[in-house]
$ cat entry02.txt   # compact mmCIF, C-alpha atoms
# COMPACT_ATOMS: atom_id res chain seq x y z
CA MET A 1 125.89 152.71 122.64
CA ILE A 2 126.24 149.25 121.04
CA THR A 3 124.84 148.75 117.56
CA THR A 4 124.36 145.45 115.83
CA ASN A 5 124.53 144.82 112.15
CA PRO A 6 121.30 143.03 111.09
CA SER A 7 123.01 141.33 108.16
CA LEU A 8 125.76 139.90 110.40
CA HIS A 9 123.17 138.66 112.88
CA LYS A 10 121.17 137.04 110.09
CA GLU A 11 124.30 135.41 108.65
CA LYS A 12 125.27 134.05 112.09
CA GLN A 13 121.75 132.66 112.63
CA SER A 14 121.82 131.02 109.20
CA ARG A 15 125.21 129.45 110.00
CA ASN A 16 123.88 128.11 113.31
CA ASP A 17 120.81 126.63 111.60
CA LEU A 18 123.05 124.96 109.02
CA ASN A 19 125.27 123.49 111.73
CA GLU A 20 122.25 122.18 113.63
CA MET A 21 120.81 120.62 110.50
CA SER A 22 124.16 118.99 109.69
CA GLN A 23 124.27 117.48 113.18
CA GLU A 24 120.72 116.20 112.82
CA ILE A 25 121.46 114.62 109.44
CA SER A 26 124.64 113.04 110.81
CA ALA A 27 122.85 111.59 113.86
CA LEU A 28 119.89 110.23 111.87
CA THR A 29 122.16 108.76 109.18
CA TRP A 30 124.38 107.10 111.79
CA ARG A 31 121.26 105.62 113.40
CA LEU A 32 120.41 103.90 110.10
CA PHE A 33 123.95 102.55 109.78
CA ILE A 34 123.77 101.20 113.34
CA GLN A 35 120.65 99.29 112.32
CA LEU A 36 122.57 97.89 109.34
CA ILE A 37 125.49 96.84 111.57
CA ARG A 38 123.05 94.99 113.80
CA ARG A 39 121.44 93.29 110.79
CA PRO A 40 124.25 92.93 108.20
CA SER A 41 122.43 90.12 106.40
CA THR A 42 120.43 92.68 104.38
CA LEU A 43 123.66 94.15 102.98
CA PHE A 44 125.19 90.76 102.19
CA ALA A 45 121.97 89.53 100.56
CA GLY A 46 121.90 92.62 98.35
CA ILE A 47 125.42 91.80 97.16
CA LEU A 48 125.11 88.01 97.03
CA GLN A 49 121.99 87.81 94.85
CA PRO A 50 123.39 89.71 91.82
CA LEU A 51 126.70 87.83 92.19
CA ILE A 52 124.86 84.53 91.88
CA TRP A 53 123.01 85.89 88.86
CA LEU A 54 126.30 87.01 87.32
CA LEU A 55 127.85 83.56 87.70
CA LEU A 56 124.80 81.58 86.58
CA PHE A 57 123.68 83.75 83.67
CA ALA A 58 127.25 84.18 82.39
CA ALA A 59 127.66 80.40 82.41
CA LEU A 60 124.22 79.79 80.90
CA PHE A 61 124.83 82.07 77.90
CA SER A 62 128.56 81.46 77.52
CA LYS A 63 127.91 79.54 74.27
CA ALA A 64 125.39 82.02 72.85
CA PRO A 65 125.70 82.76 69.10
CA ILE A 66 128.30 85.37 68.14
CA ASN A 67 125.69 87.73 66.68
CA PHE A 68 123.61 87.58 69.89
CA LEU A 69 125.42 90.59 71.39
CA PRO A 70 126.50 93.89 69.83
CA GLY A 71 130.25 94.20 69.49
CA SER A 72 132.65 91.46 70.48
CA SER A 73 132.05 91.38 74.24
CA SER A 74 131.35 88.19 76.16
CA TYR A 75 128.02 87.69 77.86
CA GLY A 76 129.65 88.17 81.27
CA GLU A 77 130.87 91.61 80.26
CA PHE A 78 127.45 92.44 78.80
CA LEU A 79 125.61 91.24 81.90
CA GLY A 80 127.88 93.00 84.41
CA ALA A 81 126.57 96.50 83.64
CA GLY A 82 122.98 95.32 83.89
CA LEU A 83 123.52 93.79 87.32
CA ILE A 84 125.35 96.88 88.57
CA VAL A 85 122.33 99.01 87.69
CA PHE A 86 119.82 96.44 88.94
CA THR A 87 121.61 96.26 92.30
CA ALA A 88 121.46 100.05 92.68
CA PHE A 89 117.82 100.07 91.56
CA SER A 90 116.81 97.37 94.05
CA GLY A 91 118.58 99.12 96.91
CA ALA A 92 116.95 102.45 96.10
CA LEU A 93 113.54 100.84 95.77
CA ASN A 94 113.91 99.59 99.36
CA ALA A 95 114.63 103.12 100.62
CA GLY A 96 111.13 103.61 101.98
CA LEU A 97 111.18 100.52 104.22
CA PRO A 98 113.14 102.00 107.17
CA LEU A 99 110.92 105.08 107.09
CA MET A 100 107.82 102.89 106.88
CA PHE A 101 108.92 100.87 109.92
CA ASP A 102 109.62 104.12 111.81
CA ARG A 103 106.09 105.19 110.94
CA GLU A 104 104.52 101.95 112.12
CA PHE A 105 106.51 101.72 115.36
CA GLY A 106 105.86 105.37 116.27
CA PHE A 107 109.45 106.60 116.03
CA LEU A 108 108.60 108.94 113.16
CA ASN A 109 105.99 110.67 115.33
CA ARG A 110 108.65 111.24 117.97
CA LEU A 111 110.90 112.84 115.37
CA LEU A 112 108.07 115.05 114.14
CA VAL A 113 107.46 116.46 117.64
CA ALA A 114 111.18 116.79 118.39
CA PRO A 115 112.72 120.30 118.20
CA LEU A 116 114.48 119.68 114.87
CA SER A 117 115.86 122.70 113.05
CA SER A 118 114.52 121.18 109.82
CA ARG A 119 112.39 118.08 109.32
CA SER A 120 113.96 117.72 105.90
CA SER A 121 116.89 116.11 107.73
CA ILE A 122 114.70 113.00 108.14
CA VAL A 123 114.46 112.58 104.38
CA ILE A 124 118.03 113.70 103.62
CA SER A 125 119.48 111.16 106.07
CA SER A 126 117.48 108.38 104.36
CA VAL A 127 118.75 109.48 100.95
CA ILE A 128 122.39 109.55 102.14
CA TYR A 129 122.06 106.12 103.75
CA ILE A 130 120.42 104.41 100.77
CA THR A 131 122.78 106.07 98.29
CA SER A 132 125.81 104.87 100.26
CA ILE A 133 124.50 101.31 100.50
CA SER A 134 123.46 101.16 96.84
CA LEU A 135 126.84 102.44 95.64
CA LEU A 136 128.68 100.05 97.95
CA GLN A 137 126.73 97.07 96.61
CA SER A 138 127.19 98.19 93.00
CA PHE A 139 130.95 98.62 93.39
CA ALA A 140 131.12 95.16 94.99
CA ILE A 141 129.57 93.79 91.78
CA MET A 142 132.14 95.75 89.74
CA ALA A 143 135.01 94.30 91.78
CA THR A 144 133.70 90.76 91.39
CA SER A 145 133.26 91.26 87.66
CA ALA A 146 136.86 92.42 87.44
CA LEU A 147 138.05 89.33 89.35
CA LEU A 148 136.12 87.14 86.90
CA GLY A 149 137.99 88.78 84.03
CA TYR A 150 135.20 91.02 82.75
CA GLY A 151 137.26 94.22 82.91
CA TRP A 152 137.56 97.39 84.95
CA PRO A 153 136.61 100.88 83.76
CA SER A 154 139.08 103.69 83.24
CA LEU A 155 139.05 106.79 85.44
CA GLY A 156 136.66 108.55 83.06
CA GLY A 157 134.51 105.45 82.87
CA PHE A 158 134.46 105.16 86.65
CA LEU A 159 133.29 108.76 86.92
CA LEU A 160 130.55 108.10 84.35
CA ILE A 161 129.38 105.05 86.32
CA ALA A 162 129.24 107.07 89.55
CA ILE A 163 127.23 109.90 87.95
CA THR A 164 124.82 107.48 86.27
CA LEU A 165 124.21 105.50 89.46
CA LEU A 166 123.70 108.65 91.52
CA LEU A 167 121.04 109.96 89.13
CA LEU A 168 119.21 106.64 89.13
CA VAL A 169 119.45 106.13 92.90
CA PHE A 170 118.25 109.67 93.68
CA ALA A 171 115.22 109.22 91.40
CA ILE A 172 114.16 105.81 92.71
CA THR A 173 114.89 106.73 96.34
CA GLY A 174 112.60 109.75 96.08
CA LEU A 175 109.87 107.56 94.61
CA SER A 176 110.26 104.95 97.36
CA LEU A 177 110.16 107.56 100.14
CA GLY A 178 106.99 109.00 98.63
CA LEU A 179 105.41 105.52 98.61
CA ALA A 180 106.39 105.10 102.26
CA PHE A 181 104.08 107.99 103.15
CA VAL A 182 101.27 107.12 100.74
CA LEU A 183 100.87 103.39 101.37
CA PRO A 184 99.11 102.15 104.52
CA GLY A 185 101.84 99.76 105.67
CA HIS A 186 105.08 97.93 104.94
CA ILE A 187 103.27 94.88 103.51
CA GLU A 188 101.97 96.98 100.62
CA LEU A 189 105.39 98.53 100.02
CA ILE A 190 107.11 95.14 100.02
CA ALA A 191 104.48 93.85 97.59
CA ILE A 192 105.20 96.71 95.18
CA ILE A 193 108.95 96.05 95.48
CA PHE A 194 108.49 92.34 94.70
CA ILE A 195 106.14 93.05 91.80
CA ALA A 196 108.33 95.78 90.27
CA ASN A 197 111.80 94.24 90.58
CA LEU A 198 111.84 91.44 88.04
CA PRO A 199 109.54 92.94 85.38
CA VAL A 200 111.60 96.13 85.34
CA LEU A 201 114.78 94.04 85.05
CA PHE A 202 113.54 91.80 82.22
CA ALA A 203 112.01 94.77 80.37
CA SER A 204 115.42 96.45 80.11
CA THR A 205 118.66 95.75 78.27
CA ALA A 206 120.24 94.20 81.38
CA LEU A 207 119.95 90.62 80.13
CA ALA A 208 119.59 90.99 76.36
CA PRO A 209 119.94 93.71 73.70
CA ILE A 210 116.86 95.34 72.17
CA SER A 211 117.61 93.67 68.82
CA PHE A 212 117.04 90.27 70.44
CA MET A 213 113.62 91.21 71.87
CA PRO A 214 110.17 91.03 70.28
CA GLU A 215 108.96 94.39 69.04
CA TRP A 216 106.56 95.11 71.91
CA LEU A 217 109.21 94.32 74.52
CA GLY A 218 111.77 96.38 72.61
CA TRP A 219 109.50 99.41 72.89
CA ILE A 220 109.16 98.92 76.65
CA ALA A 221 112.89 98.41 77.11
CA SER A 222 113.68 101.52 75.08
CA ILE A 223 111.72 103.73 77.52
CA ASN A 224 112.75 101.88 80.68
CA PRO A 225 114.87 104.14 82.98
CA LEU A 226 117.13 101.16 83.73
CA THR A 227 118.08 100.97 80.05
CA PHE A 228 119.19 104.64 80.08
CA ALA A 229 121.44 103.81 83.06
CA ILE A 230 122.73 100.45 81.81
CA GLU A 231 124.00 101.58 78.41
CA PRO A 232 126.27 104.43 79.65
CA ILE A 233 127.74 102.06 82.24
CA ARG A 234 128.25 99.41 79.58
CA MET A 235 130.09 102.00 77.48
CA ALA A 236 132.20 103.05 80.51
CA TYR A 237 134.05 99.72 80.27
CA HIS A 238 135.33 100.59 76.81
CA SER A 239 137.93 103.26 76.06
CA PRO A 240 137.71 106.00 75.11
CA VAL A 241 134.47 107.10 76.76
CA ASP A 242 132.49 109.07 74.17
CA LEU A 243 129.04 110.25 75.21
CA ARG A 244 128.32 111.29 71.65
CA ALA A 245 128.28 107.64 70.60
CA ILE A 246 124.93 105.97 69.88
CA LEU A 247 124.14 103.67 72.81
CA ILE A 248 120.53 102.67 72.18
CA ASP A 249 119.08 101.78 68.79
CA ALA A 250 115.49 102.26 69.91
CA PRO A 251 112.38 101.76 67.73
CA TYR A 252 111.77 105.51 67.90
CA GLY A 253 115.34 106.48 66.99
CA GLU A 254 118.94 106.48 68.13
CA VAL A 255 119.92 107.63 71.64
CA ASN A 256 123.46 108.72 72.54
CA GLY A 257 125.18 108.94 75.91
CA TYR A 258 124.32 112.59 76.53
CA SER A 259 120.65 111.85 75.90
CA CYS A 260 120.72 108.93 78.36
CA LEU A 261 122.14 111.12 81.14
CA ALA A 262 119.75 113.96 80.28
CA ILE A 263 116.75 111.61 80.52
CA LEU A 264 117.93 110.34 83.91
CA LEU A 265 118.43 113.92 85.11
CA ILE A 266 114.95 114.94 83.92
CA LEU A 267 113.46 111.89 85.65
CA THR A 268 115.24 112.73 88.91
CA VAL A 269 114.15 116.39 88.87
CA ALA A 270 110.58 115.49 87.88
CA LEU A 271 110.23 112.96 90.70
CA PHE A 272 111.73 115.47 93.14
CA PHE A 273 109.13 118.12 92.31
CA LEU A 274 106.40 115.46 92.31
CA ILE A 275 107.31 114.01 95.71
CA ARG A 276 108.33 117.25 97.46
CA PRO A 277 104.77 118.59 98.14
CA LEU A 278 103.80 115.20 99.58
CA LEU A 279 106.84 115.10 101.87
CA ASN A 280 106.30 118.68 102.97
CA ARG A 281 102.68 117.91 103.82
CA LYS A 282 103.46 114.68 105.70
CA LEU A 283 106.38 116.21 107.61
CA ALA A 284 104.55 119.45 108.48

$ encode --input "entry02.txt" --output "C-alpha cells"
Amino acid sequence: MITTNPSLHKEKQSRNDLNEMSQEISALTWRLFIQLIRRPSTLFAGILQPLIWLLLFAALFSKAPINFLPGSSSYGEFLGAGLIVFTAFSGALNAGLPLMFDREFGFLNRLLVAPLSSRSSIVISSVIYITSISLLQSFAIMATSALLGYGWPSLGGFLLIAITLLLLVFAITGLSLGLAFVLPGHIELIAIIFIANLPVLFASTALAPISFMPEWLGWIASINPLTFAIEPIRMAYHSPVDLRAILIDAPYGEVNGYSCLAILLILTVALFFLIRPLLNRKLA
C-alpha cells in the first residue's frame, strides 16, 4: 500500500506553481524588451533629453553667485542628482503606456483568458521592465556626469543611489499601472504624463535649493517625493555617506537622510496597497 505525504505533495505543487510563474514573468518581460529593441528610439530619447538639460543648464548657471548653492559644489554637480532622479521618475511614469496599448489592441484580453498560473505576472513583468530601463537611463546620466568632471559616488554612495531610485521607481510605476486601468485610453495617460513631468520637476530641488525659492514654492518642494529622492543622491556623491545628516531644511523642520528614505518607503507601500485592489479587480 502506497501512502503519500500531503505536506510533500503541497510543497511540490507550490514549487511547480512558482516555476510556472517565473517562466511567465520571464516570457512577458522578454516580450517588452523585444518591443524596445525594435523601437530603440524611446530608450535613446529618455537618455538624450536629460543629457541636453545637463549640458545647457550647467552652462547657463556656471556663473551663478557663490551663495546660490549650499556647500561649495558647482551647478553641474548640483544638477546631476536632480536629473538622475527626474530620468527615473519620467521612465516610471511611462510604465502604464505598454499596458495601455495592450489593452487597446486586445492583447491584454488574450492574456486574461490564457491559462496563466498567476495574472500577477502581467504586472510584475511590467515593473521589472520599467525598473530596468529607468535604472539604465539613470546610470547613463551618472556616467556622463562623471565624464564631465562632476564626480562619481563611492561604493556606499552607489548603494544609496540604487536603493533610493528603486523606492521611487516602484512607487511611480505602481501609480502609472493603476492609471493605465482607470483611464479610458492612452491619450489621457499621455496627457497626464505631459502635464505632470515639468511641474513636478520645477517644484523640487532638482534645479534650485529651497532657500532660493519663494515661500509657497519652498513648501511644495519640501513635500515633493522627488525632493526626498534627490537629496540622498546628492549626498551620495560626498564622502562619507551619513544618513543622519540634515539634507532638507524645510519650512516645517529639518529632514535627514533616514527620514527621506523612510518617506519614500511609506509612499511606495501606501501606493501598493492603494493600487492592489484595483489591479486585482481588473485582472480577475

$ atom_distance --input "entry02.txt" --atom1 "atom CA of A:Ser239" --atom2 "atom CA of A:Gly156"
8.9 Å

$ closest_residue --input "entry02.txt" --among "A:Leu167, A:Leu160, A:Leu108, A:Leu147" --to "A:Ala92" --atoms "all atoms listed in the file"
A:Leu167

$ closest_residue --input "entry02.txt" --among "A:Ser125, A:Ser176, A:Thr164, A:Asn197" --to "A:Ile263" --atoms "all atoms listed in the file"
A:Thr164

$ residues_around --input "entry02.txt" --residues "A:Leu165" --least-positions-apart "3" --cutoff "12 Å" --atoms "all atoms listed in the file" --output "short mmCIF file (atom, residue, chain, number, x, y, z; two decimals) with C-alpha atoms, in the frame of the given file"
data_model
loop_
_atom_site.label_atom_id
_atom_site.label_comp_id
_atom_site.auth_asym_id
_atom_site.auth_seq_id
_atom_site.Cartn_x
_atom_site.Cartn_y
_atom_site.Cartn_z
CA ALA A 81 126.57 96.50 83.64
CA GLY A 82 122.98 95.32 83.89
CA LEU A 83 123.52 93.79 87.32
CA ILE A 84 125.35 96.88 88.57
CA VAL A 85 122.33 99.01 87.69
CA PHE A 86 119.82 96.44 88.94
CA THR A 87 121.61 96.26 92.30
CA ALA A 88 121.46 100.05 92.68
CA PHE A 89 117.82 100.07 91.56
CA SER A 90 116.81 97.37 94.05
CA GLY A 91 118.58 99.12 96.91
CA ALA A 92 116.95 102.45 96.10
CA ILE A 130 120.42 104.41 100.77
CA THR A 131 122.78 106.07 98.29
CA SER A 132 125.81 104.87 100.26
CA ILE A 133 124.50 101.31 100.50
CA SER A 134 123.46 101.16 96.84
CA LEU A 135 126.84 102.44 95.64
CA LEU A 136 128.68 100.05 97.95
CA GLN A 137 126.73 97.07 96.61
CA SER A 138 127.19 98.19 93.00
CA PHE A 139 130.95 98.62 93.39
CA PHE A 158 134.46 105.16 86.65
CA LEU A 159 133.29 108.76 86.92
CA LEU A 160 130.55 108.10 84.35
CA ILE A 161 129.38 105.05 86.32
CA ALA A 162 129.24 107.07 89.55
CA LEU A 168 119.21 106.64 89.13
CA VAL A 169 119.45 106.13 92.90
CA PHE A 170 118.25 109.67 93.68
CA ALA A 171 115.22 109.22 91.40
CA ILE A 172 114.16 105.81 92.71
CA THR A 173 114.89 106.73 96.34
CA PRO A 225 114.87 104.14 82.98
CA LEU A 226 117.13 101.16 83.73
CA PHE A 228 119.19 104.64 80.08
CA ALA A 229 121.44 103.81 83.06
CA ILE A 230 122.73 100.45 81.81
CA GLU A 231 124.00 101.58 78.41
CA PRO A 232 126.27 104.43 79.65
CA ILE A 233 127.74 102.06 82.24
CA LEU A 261 122.14 111.12 81.14
CA LEU A 264 117.93 110.34 83.91
CA LEU A 265 118.43 113.92 85.11
CA THR A 268 115.24 112.73 88.91
#

$ atom_distance --input "entry02.txt" --atom1 "atom CA of A:Ala114" --atom2 "atom CA of A:His186"
24.0 Å
